[in-house]
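This report refers to the structure that appears directly beneath it.
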Amino acid sequence: MPLPFKRRDHGLCRGQRCQRLAASLVALLAFAVRVVRLEDANIWWDEGLAVWLARMPVLDMMRWTAVDVHPPLYFGILHYWRLVARDGEFAVRFLSAMIGVLTVVALWQLGRLLFPEQPAVALLGALFLALSRFEVWWSQEARMYMLGGLWLTLSLYFTVRLRNQADWRAGLGYLFTTIAALWTLYLLSFTLIIEGLYWMWTLRRLAWRERWQRLARWACYQGIVLAAFLPWLIYAIPRMRSWSVQVAFDPKIFLELYATLLLVGESVHVERFQGVVVTGMAVIILGACVGWLRAKSAFTRDGLALLILAMVIPPAVVWFTTTMPRSFGYSPKPEARYLLPFTPPFYLLAAWGLVSLANLCSSATWRRGVMIGVVVVVILGQTFTLKSYHEGRYLQDDYKSLAMTLKAHVQPQDSVFLHTDHPWPVFAYHWPREFQGWPNGQKADAGSVDHWLQPVWDASQGVWLVINEDALRADPQRLVEKWLADRALAQHEWRFGPKRLILFARTPERANDLLALAPDWTPPPPKESLSLPELAVVGWEQPLTRVMAGDPVYVAVTVQRNNLKKDLHLKLKLGEPAVAEVETTLSRGDGPMRQTFTLIPPAGTPSGVYPYILKIDDVEMTMGWVKVFPIRSKVDVALRAQPRFSVAATFGDPPQVRLLGYDLQGEPAPGEQLTLILYWRVEASLPISYKVFVHLIGADGRPAAQGDDFPLGGARPTTSWQPGETLIDVYTIAIPRDLPPGDYPLRIGFYDPGTGARLSPVLDANHHPQPADQIELDVLSIP
């Protein structure tokens, strides 16, 4: 159909072929930034749950999602995707990355349809979306939000096509994408409101008869969409759990967070970007207003109206869902990610605003210069933000080595018990077999320990206890571990950072063959073979190929002993010359044997690729390679060069850490948050990854509030601390709203999250030992 306007020439991509070429380059750019370091982040709780559901048979998965908070479509797609791509951080996230690229292409097509006289708008909007840190972030998560964004963008595209003409192909496209959107996210049901209001807006210039015809056609489409979704609602609503994590909703704070994510991609300390965000939003709004006033066709204003509706309705949606009665379904706390599917139209609106401002220039040369300048600024600015985002991605050995050990040793009659099950989806991602767990939130006592462990113990020859960082919260006296130890005939422990894996043997047969390899397990073969007359290296397990200096590295070697008559000396070196090495003895005997090694490259290890070199007596072989990168440190609050309050306490004998002092920010009042800044001086290397406890002690001697965490939010584990180094460490203490008035001592210290043992002794400035291996910083008066 001929256009009722003349195309505006910006001197950028004058022809259709050039525009398609430019769009292809933008799509390639979107692909590149979404696959860079895609696997370099640990699977987190929500991703683990998604993979757990995708591993189920489809009907079982659908039954489970009926009682949860999301419809089943994404999990079904992920289910079939896994059949081709299998598991792995890269594989399960690649689906979201490709969906993110398709969304960029879909937005370009939507821009071409809405603003055919301004081809630069479509390209610039696609570029904004391609480089958006917010979009890249969630394109690297195995979640349904990117899929929702694709369906929304395509649904808007087909809505506009249907508005222009009665095209059966556009009708089928609209039905498919809109129905798919509803089956992906319940929140996308509000897409129908956005499109309905747009449809009503476009009818204002038509004769009454034509209005009623178009309304009837639109109502028919809506009826088909609702009919396709109604069976799921009928099945799911009676089964949907009613639970809530509602918190006070502050629209101002939420909108500030949302705007910061759209423009900068940061979700913490958004006040630092206030100037950039306010300026950017002001320019976009000004440009959109200018474009609206200068628009020469109602068609263009209709497109702007659709984009504005897509930006105004979603925050209202979040407000509505977060204030729903607790008795209905899931009432979540407000999260900006809920708006992610609605964000692509924003980037098209931003592109329109900037192009409209450029059109104020009467000269084509000036317009071209302004547009080129905008592209350069966007690319440079987003390159900077994406660089910091990608550099922050770091795959750690959370359950990888622990799960490898389970796979190698668990026997058919053994059971696995997770203590606690708070991170069960993450553990289930690494250990896809059956396991049981200590219920999250339940405190351990003698009766509950008997209740949960006795059935597991009676049904097993051996029980594998997985102790994670959450165990001490529920079981500070370690009753679960003691219960099993009191009944076991033998036990063996492996240590993986803050996590512990203990095998307790119940029967004599299991006790006599404690380290037997699983009958269905085959060790991954080494890249090089090493065979001696009585020994052969048959397996090499290396979970990580990239590690941070100072972090423990876990690898395993499996050997086949052929009637080995004497003990052999094994040494594993990292690098040549070695930056770290460990030695052990291979005992005589016959049959396979698996040996786990722990290496810690020193914090000062230069960046580079280092070989693992295994030496058996005088024979050496290279087992694998690992890239070591320098330690990283990130502090997100304003800091002083020196602490406001001096302390000079030491931890360990001889002293391993010295506390120089601290700062305390915030109002000590119920419902408020305190920020505690600790200044550490490292005196000696620490072989254990300690956790710092920060306790506000109540009248009963127990913590009334706390802010325990690993140093620098886990970015600098104590194993990476270098002697002579000074670190500035930040903790947050949330004071409960119902905390009674009174005086509360503020105490800190270090503890091993696997055993609960504190780093001791703790000496004050006068070298006096402190009770309970903790130092008291202050006494806070709570009104």
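The chains in the structure tokens are called A, B, ... from first to last as shown; in each chain the residues are counted from 1, and the ligands are counted from 1 in the order shown.
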So that I can check the secondary structure, give me every residue of segment 340-431 of chain A assigned helix (DSSP H, G or I) by backbone DSSP, as an mmCIF file with N, CA, C and O atoms, in the first residue's frame.
```cif
data_model
loop_
_atom_site.group_PDB
_atom_site.id
_atom_site.type_symbol
_atom_site.label_atom_id
_atom_site.label_comp_id
_atom_site.auth_asym_id
_atom_site.auth_seq_id
_atom_site.Cartn_x
_atom_site.Cartn_y
_atom_site.Cartn_z
ATOM 1 N N LEU A 340 10.922 -6.723 32.013
ATOM 2 C CA LEU A 340 11.843 -6.991 30.903
ATOM 3 C C LEU A 340 11.120 -7.295 29.589
ATOM 4 O O LEU A 340 11.513 -6.775 28.542
ATOM 5 N N PRO A 341 10.079 -8.137 29.570
ATOM 6 C CA PRO A 341 9.427 -8.408 28.278
ATOM 7 C C PRO A 341 8.829 -7.169 27.618
ATOM 8 O O PRO A 341 8.634 -7.166 26.404
ATOM 9 N N PHE A 342 8.544 -6.132 28.410
ATOM 10 C CA PHE A 342 7.926 -4.926 27.859
ATOM 11 C C PHE A 342 8.961 -3.884 27.418
ATOM 12 O O PHE A 342 8.565 -2.805 26.959
ATOM 13 N N PRO A 344 11.506 -3.877 24.935
ATOM 14 C CA PRO A 344 11.896 -3.553 23.547
ATOM 15 C C PRO A 344 11.221 -2.315 22.982
ATOM 16 O O PRO A 344 11.893 -1.501 22.317
ATOM 17 N N PRO A 345 9.914 -2.081 23.209
ATOM 18 C CA PRO A 345 9.324 -0.839 22.665
ATOM 19 C C PRO A 345 9.982 0.431 23.184
ATOM 20 O O PRO A 345 9.992 1.454 22.478
ATOM 21 N N PHE A 346 10.545 0.377 24.396
ATOM 22 C CA PHE A 346 11.209 1.582 24.916
ATOM 23 C C PHE A 346 12.364 1.990 24.015
ATOM 24 O O PHE A 346 12.566 3.191 23.750
ATOM 25 N N TYR A 347 13.139 1.026 23.557
ATOM 26 C CA TYR A 347 14.314 1.362 22.742
ATOM 27 C C TYR A 347 13.894 1.906 21.386
ATOM 28 O O TYR A 347 14.605 2.740 20.792
ATOM 29 N N LEU A 348 12.749 1.456 20.891
ATOM 30 C CA LEU A 348 12.235 2.035 19.656
ATOM 31 C C LEU A 348 11.750 3.461 19.899
ATOM 32 O O LEU A 348 11.971 4.361 19.073
ATOM 33 N N LEU A 349 11.113 3.695 21.047
ATOM 34 C CA LEU A 349 10.682 5.045 21.393
ATOM 35 C C LEU A 349 11.885 5.964 21.581
ATOM 36 O O LEU A 349 11.867 7.135 21.143
ATOM 37 N N ALA A 350 12.944 5.458 22.222
ATOM 38 C CA ALA A 350 14.156 6.263 22.391
ATOM 39 C C ALA A 350 14.769 6.613 21.042
ATOM 40 O O ALA A 350 15.217 7.752 20.816
ATOM 41 N N ALA A 351 14.786 5.651 20.122
ATOM 42 C CA ALA A 351 15.334 5.913 18.792
ATOM 43 C C ALA A 351 14.505 6.972 18.067
ATOM 44 O O ALA A 351 15.049 7.872 17.416
ATOM 45 N N TRP A 352 13.182 6.881 18.191
ATOM 46 C CA TRP A 352 12.324 7.892 17.564
ATOM 47 C C TRP A 352 12.600 9.279 18.134
ATOM 48 O O TRP A 352 12.679 10.262 17.387
ATOM 49 N N GLY A 353 12.757 9.378 19.449
ATOM 50 C CA GLY A 353 13.027 10.672 20.053
ATOM 51 C C GLY A 353 14.323 11.277 19.560
ATOM 52 O O GLY A 353 14.382 12.478 19.231
ATOM 53 N N LEU A 354 15.377 10.470 19.468
ATOM 54 C CA LEU A 354 16.674 10.992 19.012
ATOM 55 C C LEU A 354 16.640 11.370 17.535
ATOM 56 O O LEU A 354 17.205 12.394 17.128
ATOM 57 N N VAL A 355 15.969 10.549 16.735
ATOM 58 C CA VAL A 355 15.860 10.878 15.314
ATOM 59 C C VAL A 355 15.045 12.156 15.130
ATOM 60 O O VAL A 355 15.352 13.004 14.273
ATOM 61 N N SER A 356 14.010 12.327 15.942
ATOM 62 C CA SER A 356 13.195 13.543 15.847
ATOM 63 C C SER A 356 14.013 14.783 16.178
ATOM 64 O O SER A 356 13.863 15.831 15.531
ATOM 65 N N LEU A 357 14.876 14.685 17.175
ATOM 66 C CA LEU A 357 15.742 15.821 17.498
ATOM 67 C C LEU A 357 16.727 16.091 16.370
ATOM 68 O O LEU A 357 17.019 17.261 16.053
ATOM 69 N N ALA A 358 17.248 15.010 15.769
ATOM 70 C CA ALA A 358 18.167 15.201 14.640
ATOM 71 C C ALA A 358 17.466 15.866 13.471
ATOM 72 O O ALA A 358 18.072 16.662 12.721
ATOM 73 N N ALA A 364 20.914 18.229 5.597
ATOM 74 C CA ALA A 364 21.101 16.777 5.596
ATOM 75 C C ALA A 364 22.465 16.405 6.155
ATOM 76 O O ALA A 364 22.627 15.364 6.806
ATOM 77 N N THR A 365 23.456 17.251 5.914
ATOM 78 C CA THR A 365 24.800 16.981 6.441
ATOM 79 C C THR A 365 24.797 17.000 7.960
ATOM 80 O O THR A 365 25.383 16.135 8.617
ATOM 81 N N TRP A 366 24.110 17.999 8.504
ATOM 82 C CA TRP A 366 24.034 18.081 9.967
ATOM 83 C C TRP A 366 23.255 16.900 10.537
ATOM 84 O O TRP A 366 23.599 16.343 11.578
ATOM 85 N N ARG A 367 22.147 16.553 9.855
ATOM 86 C CA ARG A 367 21.374 15.400 10.334
ATOM 87 C C ARG A 367 22.221 14.137 10.331
ATOM 88 O O ARG A 367 22.194 13.340 11.269
ATOM 89 N N ARG A 368 22.978 13.969 9.251
ATOM 90 C CA ARG A 368 23.834 12.792 9.154
ATOM 91 C C ARG A 368 24.882 12.805 10.255
ATOM 92 O O ARG A 368 25.151 11.783 10.906
ATOM 93 N N GLY A 369 25.462 13.971 10.512
ATOM 94 C CA GLY A 369 26.481 14.072 11.558
ATOM 95 C C GLY A 369 25.919 13.764 12.939
ATOM 96 O O GLY A 369 26.552 13.075 13.750
ATOM 97 N N VAL A 370 24.711 14.288 13.208
ATOM 98 C CA VAL A 370 24.087 14.025 14.506
ATOM 99 C C VAL A 370 23.817 12.528 14.672
ATOM 100 O O VAL A 370 24.081 11.943 15.734
ATOM 101 N N MET A 371 23.281 11.877 13.644
ATOM 102 C CA MET A 371 22.962 10.460 13.745
ATOM 103 C C MET A 371 24.227 9.620 13.917
ATOM 104 O O MET A 371 24.253 8.670 14.718
ATOM 105 N N ILE A 372 25.269 9.951 13.204
ATOM 106 C CA ILE A 372 26.529 9.223 13.366
ATOM 107 C C ILE A 372 27.072 9.428 14.769
ATOM 108 O O ILE A 372 27.563 8.495 15.416
ATOM 109 N N GLY A 373 26.949 10.662 15.275
ATOM 110 C CA GLY A 373 27.399 10.928 16.638
ATOM 111 C C GLY A 373 26.633 10.113 17.664
ATOM 112 O O GLY A 373 27.201 9.575 18.616
ATOM 113 N N VAL A 374 25.297 10.023 17.473
ATOM 114 C CA VAL A 374 24.477 9.218 18.389
ATOM 115 C C VAL A 374 24.921 7.764 18.364
ATOM 116 O O VAL A 374 25.073 7.118 19.412
ATOM 117 N N VAL A 375 25.138 7.223 17.168
ATOM 118 C CA VAL A 375 25.570 5.814 17.054
ATOM 119 C C VAL A 375 26.901 5.603 17.753
ATOM 120 O O VAL A 375 27.084 4.623 18.486
ATOM 121 N N VAL A 376 27.823 6.515 17.553
ATOM 122 C CA VAL A 376 29.145 6.365 18.176
ATOM 123 C C VAL A 376 29.044 6.429 19.691
ATOM 124 O O VAL A 376 29.638 5.617 20.412
ATOM 125 N N VAL A 377 28.266 7.393 20.199
ATOM 126 C CA VAL A 377 28.110 7.529 21.650
ATOM 127 C C VAL A 377 27.468 6.278 22.242
ATOM 128 O O VAL A 377 27.901 5.770 23.287
ATOM 129 N N VAL A 378 26.442 5.756 21.581
ATOM 130 C CA VAL A 378 25.766 4.556 22.081
ATOM 131 C C VAL A 378 26.720 3.374 22.110
ATOM 132 O O VAL A 378 26.812 2.636 23.108
ATOM 133 N N ILE A 379 27.446 3.188 21.027
ATOM 134 C CA ILE A 379 28.363 2.039 20.966
ATOM 135 C C ILE A 379 29.448 2.156 22.024
ATOM 136 O O ILE A 379 29.751 1.188 22.734
ATOM 137 N N LEU A 380 30.041 3.353 22.174
ATOM 138 C CA LEU A 380 31.105 3.514 23.163
ATOM 139 C C LEU A 380 30.561 3.364 24.582
ATOM 140 O O LEU A 380 31.165 2.678 25.422
ATOM 141 N N GLY A 381 29.420 4.000 24.860
ATOM 142 C CA GLY A 381 28.861 3.916 26.210
ATOM 143 C C GLY A 381 28.459 2.509 26.586
ATOM 144 O O GLY A 381 28.784 2.020 27.677
ATOM 145 N N GLN A 382 27.769 1.816 25.696
ATOM 146 C CA GLN A 382 27.337 0.460 26.005
ATOM 147 C C GLN A 382 28.490 -0.524 25.996
ATOM 148 O O GLN A 382 28.465 -1.521 26.724
ATOM 149 N N THR A 383 29.514 -0.244 25.191
ATOM 150 C CA THR A 383 30.699 -1.097 25.231
ATOM 151 C C THR A 383 31.354 -1.039 26.605
ATOM 152 O O THR A 383 31.791 -2.060 27.159
ATOM 153 N N PHE A 384 31.380 0.144 27.188
ATOM 154 C CA PHE A 384 31.957 0.293 28.533
ATOM 155 C C PHE A 384 31.136 -0.476 29.563
ATOM 156 O O PHE A 384 31.686 -1.206 30.396
ATOM 157 N N THR A 385 29.808 -0.317 29.526
ATOM 158 C CA THR A 385 28.980 -1.007 30.517
ATOM 159 C C THR A 385 29.005 -2.508 30.304
ATOM 160 O O THR A 385 29.026 -3.277 31.271
ATOM 161 N N LEU A 386 29.013 -2.948 29.057
ATOM 162 C CA LEU A 386 29.050 -4.387 28.796
ATOM 163 C C LEU A 386 30.397 -4.990 29.179
ATOM 164 O O LEU A 386 30.471 -6.145 29.620
ATOM 165 N N LYS A 387 31.457 -4.217 29.017
ATOM 166 C CA LYS A 387 32.775 -4.717 29.403
ATOM 167 C C LYS A 387 32.812 -4.998 30.903
ATOM 168 O O LYS A 387 33.279 -6.061 31.341
ATOM 169 N N SER A 388 32.289 -4.065 31.716
ATOM 170 C CA SER A 388 32.278 -4.289 33.157
ATOM 171 C C SER A 388 31.347 -5.441 33.523
ATOM 172 O O SER A 388 31.615 -6.209 34.452
ATOM 173 N N TYR A 389 30.245 -5.582 32.776
ATOM 174 C CA TYR A 389 29.322 -6.695 33.043
ATOM 175 C C TYR A 389 29.988 -8.030 32.746
ATOM 176 O O TYR A 389 29.947 -8.961 33.556
ATOM 177 N N HIS A 390 30.601 -8.153 31.574
ATOM 178 C CA HIS A 390 31.221 -9.428 31.202
ATOM 179 C C HIS A 390 32.401 -9.768 32.100
ATOM 180 O O HIS A 390 32.609 -10.946 32.446
ATOM 181 N N GLU A 391 33.156 -8.754 32.498
ATOM 182 C CA GLU A 391 34.288 -9.017 33.386
ATOM 183 C C GLU A 391 33.833 -9.503 34.757
ATOM 184 O O GLU A 391 34.580 -10.199 35.449
ATOM 185 N N LYS A 400 30.263 -28.334 41.541
ATOM 186 C CA LYS A 400 30.774 -29.119 40.433
ATOM 187 C C LYS A 400 31.655 -30.293 40.904
ATOM 188 O O LYS A 400 31.390 -31.452 40.569
ATOM 189 N N SER A 401 32.697 -29.998 41.655
ATOM 190 C CA SER A 401 33.594 -31.062 42.102
ATOM 191 C C SER A 401 32.897 -31.999 43.086
ATOM 192 O O SER A 401 33.136 -33.214 43.081
ATOM 193 N N LEU A 402 32.044 -31.435 43.916
ATOM 194 C CA LEU A 402 31.305 -32.269 44.862
ATOM 195 C C LEU A 402 30.403 -33.249 44.113
ATOM 196 O O LEU A 402 30.354 -34.452 44.444
ATOM 197 N N ALA A 403 29.694 -32.765 43.097
ATOM 198 C CA ALA A 403 28.825 -33.652 42.325
ATOM 199 C C ALA A 403 29.635 -34.674 41.537
ATOM 200 O O ALA A 403 29.201 -35.829 41.379
ATOM 201 N N MET A 404 30.816 -34.301 41.037
ATOM 202 C CA MET A 404 31.669 -35.264 40.349
ATOM 203 C C MET A 404 32.079 -36.391 41.289
ATOM 204 O O MET A 404 32.135 -37.563 40.899
ATOM 205 N N THR A 405 32.360 -36.040 42.549
ATOM 206 C CA THR A 405 32.733 -37.053 43.530
ATOM 207 C C THR A 405 31.564 -37.989 43.810
ATOM 208 O O THR A 405 31.737 -39.216 43.927
ATOM 209 N N LEU A 406 30.358 -37.430 43.919
ATOM 210 C CA LEU A 406 29.178 -38.267 44.112
ATOM 211 C C LEU A 406 28.991 -39.230 42.936
ATOM 212 O O LEU A 406 28.747 -40.431 43.130
ATOM 213 N N LYS A 407 29.091 -38.721 41.735
ATOM 214 C CA LYS A 407 28.905 -39.569 40.553
ATOM 215 C C LYS A 407 29.940 -40.688 40.508
ATOM 216 O O LYS A 407 29.645 -41.795 40.041
ATOM 217 N N ALA A 408 31.126 -40.414 41.002
ATOM 218 C CA ALA A 408 32.192 -41.411 40.949
ATOM 219 C C ALA A 408 32.041 -42.489 42.015
ATOM 220 O O ALA A 408 32.490 -43.629 41.813
ATOM 221 N N HIS A 409 31.413 -42.183 43.154
ATOM 222 C CA HIS A 409 31.465 -43.104 44.294
ATOM 223 C C HIS A 409 30.115 -43.612 44.792
ATOM 224 O O HIS A 409 30.078 -44.602 45.528
ATOM 225 N N TRP A 424 18.335 -26.217 46.774
ATOM 226 C CA TRP A 424 18.148 -27.509 46.128
ATOM 227 C C TRP A 424 18.118 -27.439 44.595
ATOM 228 O O TRP A 424 18.627 -28.370 43.934
ATOM 229 N N PRO A 425 17.545 -26.387 43.939
ATOM 230 C CA PRO A 425 17.602 -26.405 42.470
ATOM 231 C C PRO A 425 19.026 -26.327 41.920
ATOM 232 O O PRO A 425 19.319 -26.918 40.875
ATOM 233 N N VAL A 426 19.899 -25.585 42.602
ATOM 234 C CA VAL A 426 21.293 -25.499 42.156
ATOM 235 C C VAL A 426 21.963 -26.857 42.316
ATOM 236 O O VAL A 426 22.668 -27.340 41.410
ATOM 237 N N PHE A 427 21.743 -27.498 43.473
ATOM 238 C CA PHE A 427 22.322 -28.820 43.677
ATOM 239 C C PHE A 427 21.739 -29.824 42.682
ATOM 240 O O PHE A 427 22.469 -30.660 42.128
ATOM 241 N N ALA A 428 20.431 -29.744 42.428
ATOM 242 C CA ALA A 428 19.792 -30.669 41.495
ATOM 243 C C ALA A 428 20.322 -30.492 40.077
ATOM 244 O O ALA A 428 20.355 -31.459 39.299
ATOM 245 N N TYR A 429 20.726 -29.273 39.723
ATOM 246 C CA TYR A 429 21.324 -29.072 38.397
ATOM 247 C C TYR A 429 22.589 -29.911 38.254
ATOM 248 O O TYR A 429 22.820 -30.542 37.221
ATOM 249 N N HIS A 430 23.420 -29.928 39.298
ATOM 250 C CA HIS A 430 24.679 -30.670 39.238
ATOM 251 C C HIS A 430 24.487 -32.153 39.562
ATOM 252 O O HIS A 430 25.269 -32.988 39.092
#
```
Determine, counting only C-alpha atoms, which protein, DNA and RNA residues have an atom within 10 Å of an atom of Leu127 of chain A; residues of the same chain fewer than 4 positions away are not included. Present the result as an MDAnalysis selection string.
chainID A and resid 22:23 25:27 29:30 104:105 107:108 121:123 131:132 347:348 351 375 378:379
Take the residues that were just selected and, keeping C-alpha atoms, output them as a CSV table (one decimal), in the first residue's frame.
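Once written, part_0.csv looks like this:
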```
chain,number,residue,atom,x,y,z
A,22,ALA,CA,22.9,-2.9,8.5
A,23,ALA,CA,20.2,-4.8,10.3
A,25,LEU,CA,25.3,-6.4,11.3
A,26,VAL,CA,23.3,-5.3,14.3
A,27,ALA,CA,22.0,-8.8,14.7
A,29,LEU,CA,26.6,-7.7,17.1
A,30,ALA,CA,23.7,-8.7,19.3
A,104,VAL,CA,16.4,-7.5,18.0
A,105,VAL,CA,15.4,-8.6,14.5
A,107,LEU,CA,12.0,-5.0,16.9
A,108,TRP,CA,13.7,-3.8,13.7
A,121,VAL,CA,14.4,4.7,13.7
A,122,ALA,CA,14.2,0.9,13.2
A,123,LEU,CA,18.0,0.5,12.9
A,131,LEU,CA,23.7,-3.4,23.2
A,132,SER,CA,21.4,-2.9,26.2
A,347,TYR,CA,14.3,1.4,22.7
A,348,LEU,CA,12.2,2.0,19.7
A,351,ALA,CA,15.3,5.9,18.8
A,375,VAL,CA,25.6,5.8,17.1
A,378,VAL,CA,25.8,4.6,22.1
A,379,ILE,CA,28.4,2.0,21.0
```
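Using only C-alpha atoms, the residues found no farther than 10 Å from Phe90 of chain A, other than those of its own chain fewer than 2 positions away, are Val35, Arg37, Leu38, Glu39, Asp40, Ala41, Ala85, Arg86, Asp87, Gly88, Val92, Arg93, Phe94, Leu95, Ala97, Gln140, Glu141 and Ala142 of chain A.
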Got time to write the residues from that selection, N, CA, C and O atoms, as a short mmCIF file (atom, residue, chain, number, x, y, z; two decimals), in the first residue's frame?
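Below is the file again.cif, written as the result:
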```
data_model
loop_
_atom_site.label_atom_id
_atom_site.label_comp_id
_atom_site.auth_asym_id
_atom_site.auth_seq_id
_atom_site.Cartn_x
_atom_site.Cartn_y
_atom_site.Cartn_z
N VAL A 35 26.78 -14.11 23.53
CA VAL A 35 27.46 -15.40 23.72
C VAL A 35 28.82 -15.23 24.39
O VAL A 35 29.41 -16.23 24.82
N ARG A 37 31.29 -15.11 27.04
CA ARG A 37 31.35 -15.59 28.43
C ARG A 37 29.96 -16.02 28.91
O ARG A 37 29.60 -15.84 30.07
N LEU A 38 29.22 -16.62 28.01
CA LEU A 38 27.87 -17.08 28.35
C LEU A 38 27.90 -18.11 29.47
O LEU A 38 27.00 -18.14 30.32
N GLU A 39 28.91 -18.95 29.49
CA GLU A 39 28.99 -20.02 30.49
C GLU A 39 29.72 -19.60 31.75
O GLU A 39 29.78 -20.36 32.73
N ASP A 40 30.25 -18.37 31.79
CA ASP A 40 31.10 -17.95 32.90
C ASP A 40 30.31 -17.35 34.06
O ASP A 40 30.64 -16.28 34.57
N ALA A 41 29.29 -18.05 34.49
CA ALA A 41 28.53 -17.67 35.69
C ALA A 41 27.82 -18.92 36.18
O ALA A 41 27.38 -19.76 35.39
N ALA A 85 20.78 -30.06 22.74
CA ALA A 85 21.97 -29.36 23.23
C ALA A 85 22.56 -29.97 24.48
O ALA A 85 23.70 -29.66 24.84
N ARG A 86 21.79 -30.78 25.20
CA ARG A 86 22.20 -31.38 26.48
C ARG A 86 22.35 -30.30 27.55
O ARG A 86 21.97 -29.16 27.39
N ASP A 87 22.94 -30.72 28.70
CA ASP A 87 23.12 -29.79 29.81
C ASP A 87 24.44 -29.04 29.71
O ASP A 87 25.28 -29.36 28.87
N GLY A 88 24.62 -28.10 30.59
CA GLY A 88 25.82 -27.28 30.61
C GLY A 88 25.44 -25.82 30.63
O GLY A 88 24.42 -25.42 30.04
N VAL A 92 22.29 -24.53 28.10
CA VAL A 92 20.94 -24.17 28.56
C VAL A 92 20.69 -22.68 28.41
O VAL A 92 19.53 -22.26 28.28
N ARG A 93 21.76 -21.86 28.40
CA ARG A 93 21.57 -20.41 28.24
C ARG A 93 21.59 -19.97 26.79
O ARG A 93 21.11 -18.87 26.47
N PHE A 94 22.12 -20.81 25.90
CA PHE A 94 22.21 -20.42 24.50
C PHE A 94 20.82 -20.19 23.91
O PHE A 94 20.65 -19.35 23.02
N LEU A 95 19.85 -20.93 24.41
CA LEU A 95 18.48 -20.74 23.94
C LEU A 95 18.03 -19.31 24.19
O LEU A 95 17.48 -18.64 23.30
N ALA A 97 19.95 -16.71 24.64
CA ALA A 97 20.78 -15.81 23.83
C ALA A 97 20.23 -15.69 22.42
O ALA A 97 20.14 -14.58 21.85
N GLN A 140 21.45 -13.95 28.95
CA GLN A 140 22.42 -14.93 29.44
C GLN A 140 21.90 -15.64 30.68
O GLN A 140 22.67 -16.12 31.51
N GLU A 141 20.57 -15.71 30.82
CA GLU A 141 19.93 -16.43 31.91
C GLU A 141 18.96 -17.45 31.33
O GLU A 141 18.22 -17.14 30.38
N ALA A 142 18.93 -18.64 31.89
CA ALA A 142 17.99 -19.67 31.44
C ALA A 142 16.65 -19.43 32.11
O ALA A 142 16.20 -20.19 32.98
#
```
Hey, which bits of segment 487-553 of chain A sit within 8 Å of segment 743-767 of chain A, and for each residue what's the closest pair of atoms and how far apart in Å (one decimal), counting only C-alpha atoms, rows by chain and increasing number, as a tab-separated table?
```
residue	atom	partner	partner_atom	distance
A:Pro498	CA	A:Gly754	CA	5.0
A:Lys499	CA	A:Gly754	CA	5.4
A:Arg500	CA	A:Gly754	CA	6.0
```
Kindly save the residues from that selection, with all heavy atoms included, as a PDB file, in the first residue's frame.
```
ATOM      1  N   PRO A 498      33.746 -24.008  51.115  1.00  0.00           N
ATOM      2  CA  PRO A 498      32.879 -23.961  52.297  1.00  0.00           C
ATOM      3  C   PRO A 498      31.951 -25.161  52.413  1.00  0.00           C
ATOM      4  O   PRO A 498      31.229 -25.289  53.407  1.00  0.00           O
ATOM      5  CB  PRO A 498      32.075 -22.671  52.086  1.00  0.00           C
ATOM      6  CG  PRO A 498      32.043 -22.496  50.612  1.00  0.00           C
ATOM      7  CD  PRO A 498      33.360 -23.008  50.097  1.00  0.00           C
ATOM      8  N   LYS A 499      31.948 -26.040  51.430  1.00  0.00           N
ATOM      9  CA  LYS A 499      31.059 -27.202  51.446  1.00  0.00           C
ATOM     10  C   LYS A 499      31.819 -28.464  51.874  1.00  0.00           C
ATOM     11  O   LYS A 499      32.998 -28.615  51.565  1.00  0.00           O
ATOM     12  CB  LYS A 499      30.419 -27.413  50.073  1.00  0.00           C
ATOM     13  CG  LYS A 499      29.564 -26.238  49.623  1.00  0.00           C
ATOM     14  CD  LYS A 499      29.021 -26.449  48.238  1.00  0.00           C
ATOM     15  CE  LYS A 499      28.156 -25.271  47.810  1.00  0.00           C
ATOM     16  NZ  LYS A 499      28.939 -24.029  47.670  1.00  0.00           N
ATOM     17  N   ARG A 500      31.102 -29.347  52.551  1.00  0.00           N
ATOM     18  CA  ARG A 500      31.673 -30.622  52.990  1.00  0.00           C
ATOM     19  C   ARG A 500      30.817 -31.765  52.470  1.00  0.00           C
ATOM     20  O   ARG A 500      29.591 -31.658  52.395  1.00  0.00           O
ATOM     21  CB  ARG A 500      31.749 -30.678  54.523  1.00  0.00           C
ATOM     22  CG  ARG A 500      32.593 -29.584  55.135  1.00  0.00           C
ATOM     23  CD  ARG A 500      32.316 -29.471  56.624  1.00  0.00           C
ATOM     24  NE  ARG A 500      32.705 -30.673  57.340  1.00  0.00           N
ATOM     25  CZ  ARG A 500      32.175 -31.083  58.483  1.00  0.00           C
ATOM     26  NH1 ARG A 500      31.200 -30.371  59.049  1.00  0.00           N
ATOM     27  NH2 ARG A 500      32.596 -32.179  59.069  1.00  0.00           N
TER      28      ARG A 500
END
```
Which residues of segment 602-632 of chain A come within 10 Å of segment 722-740 of chain A, and for each one, what is the closest pair of atoms and their distance in Å to one decimal, counting only C-alpha atoms, sorted by chain and residue number, as JSON lines?
```
{"residue": "A:Pro602", "atom": "CA", "partner": "A:Gln722", "partner_atom": "CA", "distance": 8.0}
{"residue": "A:Ala603", "atom": "CA", "partner": "A:Gln722", "partner_atom": "CA", "distance": 6.0}
{"residue": "A:Gly604", "atom": "CA", "partner": "A:Gln722", "partner_atom": "CA", "distance": 7.4}
```
